[in-house]
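Peer 1: Here you go, one structure.
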Amino acid sequence: MNTRTNINTLKCLVPFTIAEALEMKAAHPDAFPIAGGTDVMVWMNDGKMPGRTYISLHRLAGEWRHVTGTSDGGISIGALANYTDVRMNPLVIERWPLLVESARVTGALQIQNRGTLVGNVANGSPAADTVPVLMVYDAVLVLANTKGERRVPLSDFYTGYRQTIMDGSELITAIELPHAALQPNQYFRKVGTREAQAISKVVCAGGSTPGGKQFRLAWGSVAPTTIRSFKTEETLANGADAEEAWEVLKTEISPISDIRSTAEYRLRVCRRILEEFIGHQSVS
Amino acid sequence: MSIAPPYRYIGQSILRREGREKVTGASRYVDDNVIPDCLHGKTIRSTIAKGRIVDISFGEGIPWDEFIIATAKDLPRNVVVLIEQDQPALVEEFVQHKHEPILLLAHKDAGLLEDAARAITITYEEDKSAAFEIGEGSLQKEYLIEEGDIEKTFAECDVVFEEVYRTGAQEHVYIEPNGFVGWWDGDNIHLRGSHQCPYYVHKAVKTAFGLKDDRQVDILQETTGGAFGGKEDFPSTVAIHTALLARKAGRPVRMIYDRAEDMACSTKRHPSETRLRIGCTKDGKLKALDCDFRIDGGAYITLSPVVLSRGILHGSGPYKWEAARLVGKSYATNSPPYGAFRGFGAPQSLFAIESAMSALAEKLGMCPVEFRRKNFLKKGDVLPTGQALEGDPMLDAIVDKGLQMADYWNRAKKIAPIPNRGIGLSVFLHGTGFTGSGEVYLASRVALATRGDGKVEVRVSSTEMGQGTETIFPQIAAEVLGLEVDDVLFVKPQTSKVPNSGPTVASRTCSVVGRLVERAAHDLKGKLNGTPIADYHATHGETLGEAKYQAPPGLYWDDEKYRGSAYGAYSWGINIAEVTIDPVTMHPTVENFWGVYDIGTVINPTLAKGQVEGGIAQGIGWATCENVVLEEGAMINTHMTNYIIPTTMDAPPIMVDFIENPYEYGGFGSKGVGEIPMDGPGPAVLNAVSMALRRPLNKIPIIAEELLDD
Amino acid sequence: MTEPIRLKLNGKEVDLHSHPMTPLLHALRNEELSPGTKYGCGEGECGACTVLLNGDAVMSCMVPLCQAEGAEVETVEGLCIDGELHPLQEAFICEGGAQCGICTPGMLMSALYFLRQPEKAPGGVREALEGNLCRCTGYTRIYQSVERAIGEAAGK
Ligand SMILES: Cc1cc2nc3c(=O)[nH]c(=O)nc-3n(C[C@@H](O)[C@@H](O)[C@H](O)COP(=O)(O)OP(=O)(O)OC[C@H]3O[C@@H](n4cnc5c(N)ncnc54)[C@H](O)[C@@H]3O)c2cc1C
Ligand code: FES
Ligand code: FES
């Protein structure tokens, strides 16, 4: 039966500085940070709060709500930058078009004004829409605790369904994207249940480097975590056709049936998307 | 005596009377009630579909003595009366469906209430004989309509077409969930809530508490945030629960459902299965119809018999048949009871016949428009119940207008060669008001009352829930009385203050109750005899103009044989849908949608169009994305995230127009408008998708997962 | 309990006493500050609870109260000033944009956001209202309402 969370049993901490936030996290390794709250508040409404202590990061907006270019042509997306910040950013629009596209189809405007990309990553849902895009752009996460910082490629971040390599003491402070080396004809496909406010049944992002030397292809909702299909990328780089590539991709994904769709459908759609992606790449 | 055109107010888009409150946020919905010293109520429900309760345990860590706990034993009569008396308000021992209410809790701390709900464990002895499919459980009700010699006529046919059509359950998704607040003063109960039929709630509460006097129960309808049939019978249960907790607590109680609870336990549209056998000549003249219409009624009878009846009464479509047999069967299952939803069975049976008409046209190599035209009902034609049509349905004119609006011929020609694109249509009818003798039994009454300030009050139990009741009744009364429309006030429906004008269902408000308002206005006008209202009121005190339902002359119905005039009037319409299928995902998108309707006189064009457009969007949702996923008979996708209704990005541009063919006995010539918009989109969309995929389909919702078979 | 949380509601400073994790929606409603802001789902899907938070349209059921501390919150109650309806409100009445009315406050706030920041929804009205479900209207009349108000703002 559906019951809501008893809010009065929750504890909410509000740090005013990054140092304070990291100290709080160290002191409460079980605490959940809150960025935009668009996942946390849904759990609360559903009576499914995973913990009792929460650390609301909103006071750190000055430091963490940034989308800024880096000296080597990349970009850094702060932990409190929301979808709207990202999709309206001129640099992102110019160099990381898939980020704009995926942010634009995440929830609706009101969600985009709150939800953060870091939250999308940290939440670890395999259906997250921006995560395949970030993977295709070779995103690196900046994790920090009171002891220091480390950088982890996003494609190494997930270890299982909603499991990550993050330590209880850590927070994600930013997502860094290197200079985008992909051709302009990048690809994004969200297969939702409707045109807006939809959770993905399958989501795919892809691209290739000039001359088709390298391919990037990442998938959501077809495995316990979002995945980069490295083997398929390699086959494609070796000149495989759709048929051959599909034989490889099949081994990399493992869709299941759930309330939104069926394993069978997801498999078939992945194949069609792969064909569409290949067609898209060869046009240019 | 009757008022003739040109009218002052009829046919004018008078602005919604309660519009200002609605756009300023001032309207009071049930959850906006602020009642001091009020407790929150919560329902504890079954987690199995069928079985016996063995034990209820109250876990540790909860201050149980602070809680009000109510069970079936606390109710004088444990029943939710409607048509039958088979549904308990709370389970005593035997559970018949998932989410059935067992226990009620109340506490002043809403958060603690949630913890308490989690701390209750109910142990069951599960009964594995639960039924979940149509036909598995017992028969709740059966109807038969027969006209002509069916087998002989089939034997004369060149072509016989057979198919089984299925429709899924549909959740109303009124944006405001169910809720009531209530309190007792002495032996009198006051309830305010979100509902569409105050007197249904009144009767149910009075019965459950064994109250003797009608005046002991006062039911008020708060501004209601959508209903669509979903707040026809279900609110009675919520009201009884609220009243029960309030009585035990000796304090006011509020029971406001959250979305997930509302979706899981409230009524839905009946799933249906229709076996059709249609016989015709090879040049497309329809001759024989054999329709076996079955619905899933759920665990209790509720409204299923009347839904079933309306289903078969519309199952022959707007066509003339030499012989027809329509059998309707409602089966019990261990699902939460299915209930009223806009259209009330007609969308289901019309879906079958209208999908079949397009498939059969294809089979005959005929154009779906011409095939239909050849068989349309005309004035004097006889329906399968034996009713001869008195008026001319004007179907050719309606169809012509629809085709022209949609630029159908050019569009169809352009689309035809393109893969994954299609255009489809449907033509349909909808009976106005209660079926058969229903209106006679209801014996609805309305009153208009004078006021000292020279204004007039409309007193009806017909509710406003977005359709426009509060606006059109003053329009009608003002027209007759020669008043300014602003001088006619609408009283908030409350059983202690308004007579019973019947439930707000069955497309009856404008036409049937509107007619009563018109007659009551004439009654008052006669009494006034030219004296200004304020003067008359000063000398005579409050004066009422009254009217009580009278069946139109010649309207006759035989409940036993199921023959006669099922409805005094029918509304008619055509829908055209244009769709595109995504070749990768098979996701269907409705690109454009057109509808032309005859709803008699259009009292208020803006409101009428709003009704029709909204109904069409619901119909498109039913056809495409609205998939109730059932597990052990109960909905599991109980969130707006996973039960998908159309957003602005999904709903297509909808173009609507009317042809006015007035009905003599409807309010100023009006006929039913509320439900007919739901009838056409299902088959129109299905026919369009069938064209796009070049294969006939037979089921809605149309699910991409089911279309994609490589 | 904890310290009250102060914010600016429709231009006026108010103190809220709900738990800091309470959804802004419920805090505003329970404390009788904005009964016009509506609940429809509590999970960010329906948009009935839309308010402007520091000028941005948000689902108030998704905002923990503590995050609104010191913020400017605009709700439907702030649209009508001294009894004078906002052009959007006028337009919703004239065009039939409100039926049952439960989605209307949220629709109006999203529409207001669109009027102020049209660049956020380059696809126009339809896109601007994608986060607001309406079950009554089929949306046609809502678009007409918003377009009418835009027309008026443009000095038609
Ligand atoms: C109506 C609705 C529609 C949606 N539609 C989509 C959609 O179409 N596609 C999609 O992908 N998602 C969708 N979402 C989910 C999406 O909004 C979230 O995943 C969002 O990106 C999370 O960001 P947030 O800032 O709101 O996260 P929060 O809810 O604040 O946090 C999410 C998770 O991340 C953790 N976290 C947050 N910040 C940090 C940090 N700095 N370090 C470590 N952990 C952190 C939190 O503890 C929590 O576990 C939708 C949500 C809603 C309510
Ligand atoms: S109540 Fe907030 S989006 Fe529905
Ligand atoms: S007007 Fe009723 S939900 Fe929009």
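By convention here, the chains of the structure tokens are called A, B, ... in the order presented, each chain's residues are numbered starting at 1, and ligands are numbered starting at 1 in the order presented.
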Pull out every residue of chain A sitting within 9 Å of chain C, counting only C-alpha atoms, and send them as a compact mmCIF listing (two decimals) with all heavy atoms, in the first residue's frame.
Peer 2:
# COMPACT_ATOMS: atom_id res chain seq x y z
N ILE A 7 7.53 13.33 7.35
CA ILE A 7 8.59 14.33 7.20
C ILE A 7 9.25 14.68 8.55
O ILE A 7 10.45 14.92 8.61
CB ILE A 7 8.01 15.62 6.57
CG1 ILE A 7 7.52 15.30 5.15
CG2 ILE A 7 9.04 16.74 6.52
CD1 ILE A 7 6.78 16.42 4.49
N ASN A 8 8.44 14.64 9.59
CA ASN A 8 8.98 15.04 10.91
C ASN A 8 10.10 14.14 11.41
O ASN A 8 10.81 14.50 12.34
CB ASN A 8 7.85 15.09 11.93
CG ASN A 8 6.87 16.20 11.60
OD1 ASN A 8 7.27 17.24 11.09
ND2 ASN A 8 5.59 15.95 11.82
N LEU A 10 12.59 13.30 9.56
CA LEU A 10 13.79 13.55 8.75
C LEU A 10 14.61 14.68 9.35
O LEU A 10 14.10 15.57 10.01
CB LEU A 10 13.38 13.93 7.32
CG LEU A 10 12.50 12.94 6.58
CD1 LEU A 10 12.14 13.50 5.21
CD2 LEU A 10 13.18 11.58 6.44
N LYS A 11 15.90 14.60 9.07
CA LYS A 11 16.80 15.64 9.53
C LYS A 11 17.39 16.32 8.29
O LYS A 11 17.77 15.64 7.34
CB LYS A 11 17.90 14.99 10.35
CG LYS A 11 18.68 15.96 11.17
CD LYS A 11 19.45 15.20 12.24
CE LYS A 11 20.69 15.97 12.60
NZ LYS A 11 21.59 15.19 13.42
N CYS A 12 17.42 17.63 8.32
CA CYS A 12 17.91 18.35 7.15
C CYS A 12 19.02 19.32 7.54
O CYS A 12 18.82 20.21 8.36
CB CYS A 12 16.75 19.11 6.51
SG CYS A 12 17.23 20.01 5.05
N VAL A 14 21.96 22.15 6.43
CA VAL A 14 22.20 23.13 5.37
C VAL A 14 23.59 23.73 5.52
O VAL A 14 23.79 24.63 6.33
CB VAL A 14 21.13 24.24 5.39
CG1 VAL A 14 21.36 25.23 4.25
CG2 VAL A 14 19.72 23.65 5.29
N GLY A 36 18.66 19.70 -6.69
CA GLY A 36 17.37 20.27 -7.08
C GLY A 36 16.19 19.57 -6.44
O GLY A 36 15.06 20.07 -6.48
N GLY A 37 16.41 18.39 -5.91
CA GLY A 37 15.35 17.69 -5.19
C GLY A 37 14.36 16.92 -6.06
O GLY A 37 13.41 16.33 -5.55
N THR A 38 14.56 16.90 -7.37
CA THR A 38 13.53 16.31 -8.22
C THR A 38 13.52 14.78 -8.18
O THR A 38 12.60 14.16 -8.69
CB THR A 38 13.63 16.78 -9.68
OG1 THR A 38 14.90 16.39 -10.20
CG2 THR A 38 13.47 18.28 -9.80
N ASP A 39 14.53 14.18 -7.62
CA ASP A 39 14.45 12.75 -7.31
C ASP A 39 14.07 12.55 -5.84
O ASP A 39 13.17 11.79 -5.52
CB ASP A 39 15.79 12.04 -7.57
CG ASP A 39 16.03 11.82 -9.05
OD1 ASP A 39 15.10 11.43 -9.75
OD2 ASP A 39 17.17 12.06 -9.51
N VAL A 40 14.75 13.28 -4.97
CA VAL A 40 14.52 13.10 -3.53
C VAL A 40 13.06 13.35 -3.17
O VAL A 40 12.45 12.57 -2.43
CB VAL A 40 15.44 14.05 -2.72
CG1 VAL A 40 15.07 14.02 -1.25
CG2 VAL A 40 16.91 13.66 -2.91
N MET A 41 12.48 14.40 -3.71
CA MET A 41 11.10 14.74 -3.33
C MET A 41 10.11 13.70 -3.86
O MET A 41 9.05 13.50 -3.28
CB MET A 41 10.74 16.14 -3.82
CG MET A 41 11.59 17.24 -3.22
SD MET A 41 11.58 17.28 -1.41
CE MET A 41 10.11 18.25 -1.11
N VAL A 42 10.46 13.06 -4.96
CA VAL A 42 9.60 12.00 -5.48
C VAL A 42 9.62 10.81 -4.52
O VAL A 42 8.59 10.23 -4.21
CB VAL A 42 10.02 11.58 -6.91
CG1 VAL A 42 9.27 10.34 -7.37
CG2 VAL A 42 9.80 12.72 -7.88
N TRP A 43 10.81 10.47 -4.03
CA TRP A 43 10.89 9.37 -3.05
C TRP A 43 10.07 9.69 -1.82
O TRP A 43 9.39 8.84 -1.26
CB TRP A 43 12.33 9.12 -2.60
CG TRP A 43 13.29 8.82 -3.70
CD1 TRP A 43 13.01 8.24 -4.90
CD2 TRP A 43 14.70 9.10 -3.70
NE1 TRP A 43 14.16 8.15 -5.65
CE2 TRP A 43 15.20 8.67 -4.94
CE3 TRP A 43 15.57 9.68 -2.77
CZ2 TRP A 43 16.55 8.78 -5.28
CZ3 TRP A 43 16.92 9.80 -3.10
CH2 TRP A 43 17.40 9.35 -4.35
N ASN A 45 7.48 11.64 -1.51
CA ASN A 45 6.05 11.55 -1.79
C ASN A 45 5.60 10.09 -1.82
O ASN A 45 4.48 9.76 -1.48
CB ASN A 45 5.78 12.21 -3.15
CG ASN A 45 4.33 12.13 -3.54
OD1 ASN A 45 3.46 12.68 -2.87
ND2 ASN A 45 4.04 11.40 -4.61
N ASP A 46 6.51 9.24 -2.19
CA ASP A 46 6.20 7.83 -2.36
C ASP A 46 6.47 7.02 -1.09
O ASP A 46 6.32 5.81 -1.07
CB ASP A 46 7.13 7.31 -3.47
CG ASP A 46 6.36 6.54 -4.50
OD1 ASP A 46 5.13 6.59 -4.46
OD2 ASP A 46 7.01 5.87 -5.34
N TYR A 54 19.51 14.42 5.47
CA TYR A 54 19.68 15.05 4.15
C TYR A 54 20.51 16.31 4.28
O TYR A 54 20.44 17.01 5.29
CB TYR A 54 18.29 15.33 3.54
CG TYR A 54 17.61 14.03 3.24
CD1 TYR A 54 16.94 13.34 4.25
CD2 TYR A 54 17.75 13.41 2.01
CE1 TYR A 54 16.40 12.08 4.02
CE2 TYR A 54 17.22 12.16 1.77
CZ TYR A 54 16.55 11.50 2.78
OH TYR A 54 16.05 10.25 2.55
N SER A 56 21.08 19.68 2.30
CA SER A 56 20.62 20.50 1.19
C SER A 56 21.74 21.45 0.76
O SER A 56 22.22 22.26 1.54
CB SER A 56 19.37 21.29 1.57
OG SER A 56 18.97 22.05 0.45
N LEU A 57 22.10 21.35 -0.51
CA LEU A 57 23.29 22.06 -1.00
C LEU A 57 23.00 23.46 -1.54
O LEU A 57 23.91 24.13 -2.04
CB LEU A 57 23.95 21.23 -2.12
CG LEU A 57 24.32 19.77 -1.76
CD1 LEU A 57 24.83 19.04 -3.01
CD2 LEU A 57 25.38 19.74 -0.66
N HIS A 58 21.74 23.90 -1.45
CA HIS A 58 21.35 25.12 -2.19
C HIS A 58 22.16 26.35 -1.86
O HIS A 58 22.31 27.24 -2.68
CB HIS A 58 19.86 25.39 -2.00
CG HIS A 58 19.45 25.64 -0.59
ND1 HIS A 58 19.31 24.63 0.34
CD2 HIS A 58 19.14 26.79 0.06
CE1 HIS A 58 18.94 25.14 1.49
NE2 HIS A 58 18.82 26.46 1.36
N ARG A 59 22.72 26.43 -0.63
CA ARG A 59 23.50 27.62 -0.26
C ARG A 59 24.84 27.70 -1.00
O ARG A 59 25.52 28.72 -0.95
CB ARG A 59 23.78 27.63 1.24
CG ARG A 59 22.56 27.87 2.08
CD ARG A 59 22.24 29.34 2.12
NE ARG A 59 20.88 29.55 2.56
CZ ARG A 59 20.12 30.58 2.22
NH1 ARG A 59 20.61 31.48 1.40
NH2 ARG A 59 18.91 30.69 2.67
N THR A 84 18.23 23.88 -17.29
CA THR A 84 18.02 25.13 -18.02
C THR A 84 19.35 25.89 -18.15
O THR A 84 19.67 26.39 -19.23
CB THR A 84 16.97 26.00 -17.31
OG1 THR A 84 15.81 25.20 -17.10
CG2 THR A 84 16.61 27.22 -18.13
N MET A 88 20.73 26.54 -21.99
CA MET A 88 20.73 27.93 -22.45
C MET A 88 22.16 28.47 -22.59
O MET A 88 22.35 29.60 -23.02
CB MET A 88 19.96 28.83 -21.48
CG MET A 88 18.50 28.49 -21.25
SD MET A 88 17.47 28.51 -22.73
CE MET A 88 17.36 30.27 -23.03
N GLY A 107 11.96 15.68 -18.41
CA GLY A 107 10.78 16.19 -17.71
C GLY A 107 10.13 17.30 -18.50
O GLY A 107 9.89 17.17 -19.69
N ALA A 108 9.86 18.42 -17.82
CA ALA A 108 9.26 19.58 -18.47
C ALA A 108 10.03 20.80 -17.97
O ALA A 108 10.93 20.68 -17.15
CB ALA A 108 7.79 19.68 -18.08
N LEU A 109 9.66 21.96 -18.48
CA LEU A 109 10.40 23.18 -18.11
C LEU A 109 10.58 23.34 -16.61
O LEU A 109 11.67 23.68 -16.14
CB LEU A 109 9.65 24.42 -18.64
CG LEU A 109 9.69 24.66 -20.14
CD1 LEU A 109 8.87 25.89 -20.48
CD2 LEU A 109 11.14 24.83 -20.61
N GLN A 110 9.52 23.07 -15.86
CA GLN A 110 9.60 23.27 -14.40
C GLN A 110 10.61 22.32 -13.76
O GLN A 110 11.18 22.63 -12.72
CB GLN A 110 8.23 23.06 -13.74
CG GLN A 110 7.15 24.05 -14.17
CD GLN A 110 6.25 23.45 -15.22
OE1 GLN A 110 6.72 22.90 -16.20
NE2 GLN A 110 4.95 23.56 -15.00
N ILE A 111 10.78 21.16 -14.35
CA ILE A 111 11.76 20.19 -13.84
C ILE A 111 13.16 20.66 -14.27
O ILE A 111 14.12 20.60 -13.50
CB ILE A 111 11.46 18.77 -14.36
CG1 ILE A 111 10.09 18.28 -13.86
CG2 ILE A 111 12.57 17.79 -14.01
CD1 ILE A 111 9.97 18.16 -12.36
N GLN A 112 13.25 21.15 -15.49
CA GLN A 112 14.55 21.62 -15.99
C GLN A 112 15.06 22.83 -15.19
O GLN A 112 16.26 23.04 -15.08
CB GLN A 112 14.44 21.98 -17.48
CG GLN A 112 14.23 20.74 -18.33
CD GLN A 112 13.60 21.05 -19.67
OE1 GLN A 112 13.71 22.15 -20.18
NE2 GLN A 112 12.91 20.06 -20.24
N ASN A 113 14.13 23.58 -14.63
CA ASN A 113 14.53 24.72 -13.81
C ASN A 113 15.03 24.30 -12.43
O ASN A 113 15.49 25.14 -11.66
CB ASN A 113 13.36 25.70 -13.65
CG ASN A 113 13.15 26.55 -14.88
OD1 ASN A 113 14.06 26.68 -15.70
ND2 ASN A 113 11.97 27.11 -15.04
N ARG A 114 14.89 23.05 -12.08
CA ARG A 114 15.30 22.58 -10.76
C ARG A 114 16.35 21.46 -10.82
O ARG A 114 17.33 21.47 -10.07
CB ARG A 114 14.08 22.03 -9.99
CG ARG A 114 13.04 23.05 -9.64
CD ARG A 114 13.46 23.96 -8.52
NE ARG A 114 13.83 23.24 -7.31
CZ ARG A 114 14.52 23.76 -6.31
NH1 ARG A 114 14.92 25.01 -6.37
NH2 ARG A 114 14.81 23.05 -5.25
N GLU A 195 5.40 12.61 -25.41
CA GLU A 195 6.28 13.63 -25.99
C GLU A 195 6.94 14.55 -24.95
O GLU A 195 7.93 15.19 -25.25
CB GLU A 195 5.51 14.48 -27.00
CG GLU A 195 4.93 13.69 -28.17
CD GLU A 195 6.01 13.05 -29.03
OE1 GLU A 195 7.06 13.69 -29.24
OE2 GLU A 195 5.80 11.91 -29.48
N ALA A 196 6.36 14.63 -23.78
CA ALA A 196 6.97 15.44 -22.71
C ALA A 196 6.72 14.71 -21.41
O ALA A 196 5.87 13.82 -21.34
CB ALA A 196 6.35 16.83 -22.66
N GLN A 197 7.44 15.06 -20.35
CA GLN A 197 7.22 14.43 -19.05
C GLN A 197 7.20 12.91 -19.18
O GLN A 197 6.31 12.23 -18.67
CB GLN A 197 5.87 14.89 -18.45
CG GLN A 197 5.85 16.30 -17.94
CD GLN A 197 6.52 16.45 -16.58
OE1 GLN A 197 7.58 15.87 -16.38
NE2 GLN A 197 5.96 17.22 -15.69
Peer 1: Could you list, as a ChimeraX atom specification, the residues of chain B having an atom within 7 Å of chain A when counting only C-alpha atoms?
Peer 2: /B:111-112,114-115,260-261,584-585,637,641-642,647,649-650,705,708
Peer 1: Work out how far CA of Arg277 (chain B) is from CA of Leu303 (chain B), in Å to one decimal.
Peer 2: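 Taking CA of Leu303 (chain B) as the start and CA of Arg277 (chain B) as the end point, the length is 27.5 Å.
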Peer 1: Any idea which chain C residues end up within 6 Å of chain B if we count only C-alpha atoms, as a list in words please?
Peer 2: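 Contact residues on the first chain: Pro35, Gly36, Gly40, Cys41, Gln89, Ile93, Gln99, Cys100, Gly101, Ile102, Arg126, Glu130, Leu133, Cys136, Thr137 and Gly138 of chain C.
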Peer 1: Suppose you want the space between CA of Ala477 (chain B) and CA of Tyr200 (chain B); what is it in Å?
Peer 2: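 Taking CA of Ala477 (chain B) and CA of Tyr200 (chain B), their separation equals 25.9 Å.
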Peer 1: List the spatial neighbours of region 168-182 of chain A as JSON, numbers by chain - criterion: any atom at most 6 Å away, only C-alpha atoms, same-chain residues fewer than 6 positions off excluded.
Peer 2: {"A": [25, 26, 29, 73, 74, 75, 76, 77, 78, 79, 139, 140, 141, 142, 143, 144, 145, 208, 209]}
Peer 1: Got time to write the residues from that selection, C-alpha atoms, as a PDB file, in the first residue's frame?
Peer 2:
ATOM      1  CA  LYS A  25      29.114  14.445   4.539  1.00  0.00           C
ATOM      2  CA  ALA A  26      32.107  12.992   6.358  1.00  0.00           C
ATOM      3  CA  PRO A  29      28.212   9.117   5.396  1.00  0.00           C
ATOM      4  CA  GLY A  73      38.470  23.866 -24.672  1.00  0.00           C
ATOM      5  CA  GLY A  74      36.371  21.723 -22.362  1.00  0.00           C
ATOM      6  CA  ILE A  75      33.610  22.678 -19.984  1.00  0.00           C
ATOM      7  CA  SER A  76      32.852  22.283 -16.306  1.00  0.00           C
ATOM      8  CA  ILE A  77      29.282  21.819 -15.130  1.00  0.00           C
ATOM      9  CA  GLY A  78      28.913  22.548 -11.427  1.00  0.00           C
ATOM     10  CA  ALA A  79      26.974  20.365  -9.049  1.00  0.00           C
ATOM     11  CA  ALA A 139      32.578  13.073 -19.121  1.00  0.00           C
ATOM     12  CA  VAL A 140      34.732  12.965 -16.021  1.00  0.00           C
ATOM     13  CA  LEU A 141      33.250  13.384 -12.542  1.00  0.00           C
ATOM     14  CA  VAL A 142      35.014  15.401  -9.892  1.00  0.00           C
ATOM     15  CA  LEU A 143      34.503  13.722  -6.507  1.00  0.00           C
ATOM     16  CA  ALA A 144      35.559  15.430  -3.328  1.00  0.00           C
ATOM     17  CA  ASN A 145      35.740  14.765   0.382  1.00  0.00           C
ATOM     18  CA  SER A 208      31.807   9.679 -34.409  1.00  0.00           C
ATOM     19  CA  THR A 209      35.122  11.415 -34.887  1.00  0.00           C
TER      20      THR A 209
END
